[in-house]
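Note: the block below is model_6.csv and it holds CSV, C-alpha atoms.
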```csv
chain,number,residue,atom,x,y,z
A,749,MET,CA,63.3,159.0,-34.4
A,750,THR,CA,60.7,157.1,-32.5
A,751,PRO,CA,58.6,154.6,-34.4
A,752,THR,CA,55.1,155.9,-34.9
A,753,ARG,CA,51.8,154.1,-34.7
A,754,PRO,CA,49.4,155.7,-37.2
A,755,HIS,CA,46.5,154.7,-35.0
A,756,PRO,CA,46.5,154.5,-31.1
A,757,ASP,CA,45.2,150.9,-31.3
A,758,ALA,CA,47.8,149.8,-33.9
A,759,PRO,CA,49.8,146.9,-32.8
A,760,GLY,CA,53.6,147.3,-32.3
A,761,ARG,CA,55.6,145.6,-35.0
A,762,VAL,CA,58.0,143.9,-32.5
A,763,ALA,CA,57.3,142.2,-29.1
A,764,LEU,CA,59.5,140.4,-26.6
A,765,ALA,CA,59.0,136.9,-25.3
A,766,PRO,CA,59.4,136.7,-21.5
A,767,ALA,CA,62.8,134.8,-21.8
A,768,ALA,CA,64.1,137.5,-24.1
A,769,ALA,CA,63.1,140.2,-21.6
A,770,ARG,CA,64.9,138.3,-18.8
A,771,LEU,CA,68.1,138.0,-20.9
A,772,LEU,CA,67.9,141.7,-21.9
A,773,ARG,CA,67.8,142.7,-18.3
A,774,ARG,CA,70.9,140.6,-17.6
A,775,LEU,CA,72.7,141.9,-20.7
A,776,ARG,CA,71.8,145.5,-19.8
A,777,ARG,CA,73.4,145.1,-16.3
A,778,LYS,CA,76.6,143.8,-18.0
A,779,HIS,CA,76.9,146.0,-21.0
A,780,GLY,CA,74.8,149.2,-20.5
A,781,PRO,CA,72.1,150.4,-22.9
A,782,LEU,CA,71.3,148.0,-25.8
A,783,MET,CA,70.0,147.9,-29.3
A,784,PHE,CA,69.0,145.2,-31.9
A,785,HIS,CA,69.8,145.1,-35.5
A,786,GLN,CA,68.5,142.5,-37.9
A,787,SER,CA,70.2,142.5,-41.3
A,788,GLY,CA,69.0,139.3,-43.1
A,789,GLY,CA,72.4,139.1,-44.5
A,790,CYS,CA,75.1,136.5,-44.3
A,791,CYS,CA,76.6,135.0,-41.1
A,792,ASP,CA,73.6,134.5,-38.9
A,793,GLY,CA,71.1,135.2,-41.6
A,794,SER,CA,68.0,136.9,-40.2
A,795,SER,CA,68.9,136.4,-36.5
A,796,PRO,CA,68.5,139.6,-34.5
A,797,MET,CA,71.9,140.8,-33.2
A,798,CYS,CA,72.1,142.6,-29.8
A,799,TYR,CA,74.8,145.2,-29.4
A,800,PRO,CA,75.7,148.0,-26.9
A,801,ARG,CA,73.6,150.9,-28.0
A,802,GLY,CA,75.5,152.9,-30.7
A,803,GLU,CA,78.0,150.2,-31.4
A,804,PHE,CA,76.3,149.3,-34.6
A,805,ARG,CA,75.9,152.3,-36.8
A,806,THR,CA,72.5,152.7,-38.5
A,807,GLY,CA,71.8,154.8,-41.5
A,808,GLY,CA,69.6,155.4,-44.5
A,809,SER,CA,69.4,151.7,-45.3
A,810,ASP,CA,67.9,150.9,-41.8
A,811,VAL,CA,64.4,151.1,-40.4
A,812,LEU,CA,63.6,151.6,-36.7
A,813,LEU,CA,60.7,149.2,-36.1
A,814,ALA,CA,60.4,149.6,-32.3
A,815,GLU,CA,61.6,151.1,-29.1
A,816,LEU,CA,61.1,148.1,-26.8
A,817,ALA,CA,60.2,148.8,-23.2
A,818,VAL,CA,61.6,146.1,-20.9
A,819,GLU,CA,60.6,146.1,-17.2
A,820,GLY,CA,63.7,146.8,-15.1
A,821,VAL,CA,65.6,148.5,-18.0
A,822,ALA,CA,65.7,152.3,-17.7
A,823,GLU,CA,65.8,153.1,-21.4
A,824,PRO,CA,64.0,151.6,-24.4
A,825,ILE,CA,65.9,149.1,-26.6
A,826,GLY,CA,65.8,150.1,-30.3
A,827,PHE,CA,65.0,147.4,-32.8
A,828,TRP,CA,66.4,148.2,-36.2
A,829,MET,CA,66.1,146.2,-39.4
A,830,ALA,CA,67.8,146.6,-42.8
A,831,ALA,CA,65.3,148.2,-45.1
A,832,ASP,CA,65.6,145.5,-47.7
A,833,GLN,CA,64.8,142.9,-45.0
A,834,PHE,CA,61.9,145.0,-43.8
A,835,GLU,CA,60.6,145.1,-47.4
A,836,ARG,CA,60.2,141.3,-47.3
A,837,TRP,CA,58.9,141.2,-43.7
A,838,ARG,CA,56.6,144.3,-43.7
A,839,HIS,CA,53.5,142.1,-43.4
A,840,THR,CA,54.6,140.4,-40.2
A,841,HIS,CA,54.6,140.9,-36.5
A,842,LEU,CA,57.9,139.9,-34.9
A,843,THR,CA,58.5,138.4,-31.5
A,844,VAL,CA,62.1,138.3,-30.2
A,845,ASP,CA,62.7,135.1,-28.3
A,846,VAL,CA,65.6,133.1,-26.9
A,847,VAL,CA,66.6,129.5,-27.5
A,848,PRO,CA,69.5,127.4,-26.3
A,849,GLY,CA,72.5,127.3,-28.6
A,850,ARG,CA,75.5,129.3,-29.7
A,851,GLY,CA,74.7,132.9,-30.8
A,852,SER,CA,76.8,134.9,-33.1
A,853,GLY,CA,80.2,136.0,-31.9
A,854,PHE,CA,79.1,139.5,-32.7
A,855,SER,CA,75.9,139.5,-30.6
A,856,LEU,CA,76.1,140.0,-26.8
A,857,GLU,CA,74.2,136.8,-25.9
A,858,ALA,CA,76.9,134.6,-27.5
A,859,SER,CA,78.6,134.0,-24.2
A,860,GLU,CA,75.4,133.1,-22.4
A,861,GLY,CA,74.8,129.7,-24.2
A,862,VAL,CA,71.7,131.0,-25.9
A,863,ARG,CA,70.8,133.0,-29.0
A,864,PHE,CA,68.1,135.4,-29.9
A,865,LEU,CA,65.7,134.5,-32.7
A,866,ILE,CA,62.6,135.9,-34.4
A,867,ARG,CA,59.2,134.3,-34.3
A,868,SER,CA,57.0,135.8,-36.9
A,869,ARG,CA,53.3,135.8,-37.9
A,870,LEU,CA,51.4,137.5,-40.6
A,871,LEU,CA,49.6,140.7,-39.6
A,872,THR,CA,45.9,140.3,-39.6
A,873,ASP,CA,44.0,142.5,-42.1
A,874,ALA,CA,42.8,144.6,-39.2
A,875,GLU,CA,46.3,145.1,-37.9
A,876,ALA,CA,47.6,146.0,-41.3
A,877,ARG,CA,44.8,148.6,-41.7
A,878,LEU,CA,45.7,150.1,-38.3
A,879,LEU,CA,49.3,150.3,-39.1
A,880,GLY,CA,48.5,152.1,-42.3
A,881,PRO,CA,50.9,152.5,-45.2
A,882,ALA,CA,53.8,151.1,-43.2
A,883,ALA,CA,52.3,147.6,-43.7
A,884,ASP,CA,52.9,148.2,-47.4
A,885,GLY,CA,56.4,149.6,-46.8
A,886,GLY,CA,55.4,153.2,-46.9
A,887,PRO,CA,55.7,156.1,-44.4
A,888,GLY,CA,55.2,155.2,-40.8
A,889,THR,CA,57.6,152.4,-40.6
A,890,GLY,CA,59.6,154.3,-38.0
A,891,GLY,CA,61.9,155.8,-40.5
A,892,SER,CA,65.6,155.6,-40.6
A,893,ARG,CA,68.1,157.8,-39.0
A,894,ASP,CA,71.7,158.7,-39.9
A,895,GLY,CA,74.2,158.7,-37.0
A,896,GLY,CA,72.9,155.6,-35.1
A,897,PRO,CA,70.8,155.2,-32.0
A,898,GLY,CA,71.4,157.5,-29.1
A,899,THR,CA,72.3,160.4,-31.3
A,900,GLY,CA,70.1,163.3,-32.3
```
Show this structure as structure tokens.
Amino acid sequence: MTPTRPHPDAPGRVALAPAAARLLRRLRRKHGPLMFHQSGGCCDGSSPMCYPRGEFRTGGSDVLLAELAVEGVAEPIGFWMAADQFERWRHTHLTVDVVPGRGSGFSLEASEGVRFLIRSRLLTDAEARLLGPAADGGPGTGGSRDGGPGTG
């Protein structure tokens, strides 16, 4: 399922910092199509984890927030979040960025000497209105899909 924007001028929920886009191009060349999942659970807490597309199975407890377009990458990169994490972050706009440091052993950037992180800001009232009920956790969040990305 592709995330929907209830209004054509609605902002996306997730953006990429230039450094993140550069790293994603490099990771795509090494690993093929990619995806993100952010659980908010243990280990790396709320750090976004980057995997080869389909390696992390998504299901009914996950929300597809964005299909990120990256210049130089043929296919969009899905950004998934655990539904309970989205419930806490539904009023925010997220930007995926990169900082020096050791990433998780499970995330593809771990061997690059950097790690992905999320920078967030509250949605403005106007942005929340344009996003519609999704800003309140309702329909339009992009939904969830059983079977993982790249299927169906």
Using all atoms listed in the file, determine which residues lie at most 7 Å from A:Arg869, disregarding the query and same-chain residues fewer than 4 positions distant; provide the list as number ranges by chain. A: 840-842
Env of A:His785: 7 Å cut, atoms = all atoms listed in the file, seq-sep filter 2 positions within chain, self excluded. Answer as a tab-separated table (two decimals) with C-alpha atoms, keeping the file's coordinate frame.
```
chain	number	residue	atom	x	y	z
A	783	MET	CA	70.00	147.90	-29.30
A	787	SER	CA	70.20	142.50	-41.30
A	796	PRO	CA	68.50	139.60	-34.50
A	797	MET	CA	71.90	140.80	-33.20
A	798	CYS	CA	72.10	142.60	-29.80
A	827	PHE	CA	65.00	147.40	-32.80
A	828	TRP	CA	66.40	148.20	-36.20
A	829	MET	CA	66.10	146.20	-39.40
```
Restricting to all atoms listed in the file, whichever of A:Arg867, A:Glu875, A:Gly808, A:Phe784 is closest to A:Phe854 is A:Phe784
In terms of the shortest atom-to-atom distance over all atoms listed in the file, which of A:Val844, A:Val821, A:Leu771, A:Ala831 is closest to A:Ser809?
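Checking each of A:Val844, A:Val821, A:Leu771, A:Ala831 against A:Ser809, counting all atoms listed in the file, the winner is A:Ala831.
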| query | Between atom CA of A:Gly802 and atom CA of A:Arg776, what is the distance, to one decimal in Å? | reply |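 Computing the Euclidean distance for atom CA of A:Gly802 and atom CA of A:Arg776 yields 13.7 Å.
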- Which residue out of A:Leu856, A:Asp845, A:His839, A:Pro781 has the minimum interatomic distance to A:Leu871 when only C-alpha atoms are used?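 Smallest separation from A:Leu871 among the options: A:His839.
In this structure, atom CA of A:Leu772 sits 16.8 Å away from atom CA of A:Gly853.
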As a count of residues only, please: the residues near A:Trp837 (cut-off 9 Å, all atoms listed in the file, same-chain neighbours under 5 positions excluded). 4
### Message
Please report the interatomic distance between atom CA of A:Ser795 and atom CA of A:Leu865 in Å with one decimal.
### Response
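Going from atom CA of A:Ser795 over to atom CA of A:Leu865, I get 5.3 Å.
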Between A:Val762, A:Ala769, A:Val846, A:Leu775, smallest distance to A:Glu815 by all atoms listed in the file belongs to A:Val762
Between A:Thr806, A:Arg770, A:Ile866, A:Leu813, smallest distance to A:Leu879 by all atoms listed in the file belongs to A:Leu813
message = Between A:Gly788, A:Pro848, A:Gly807, A:Gly780, which residue has the minimum interatomic distance to A:Phe834, considering all atoms listed in the file?
response =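 Closest candidate: A:Gly788.
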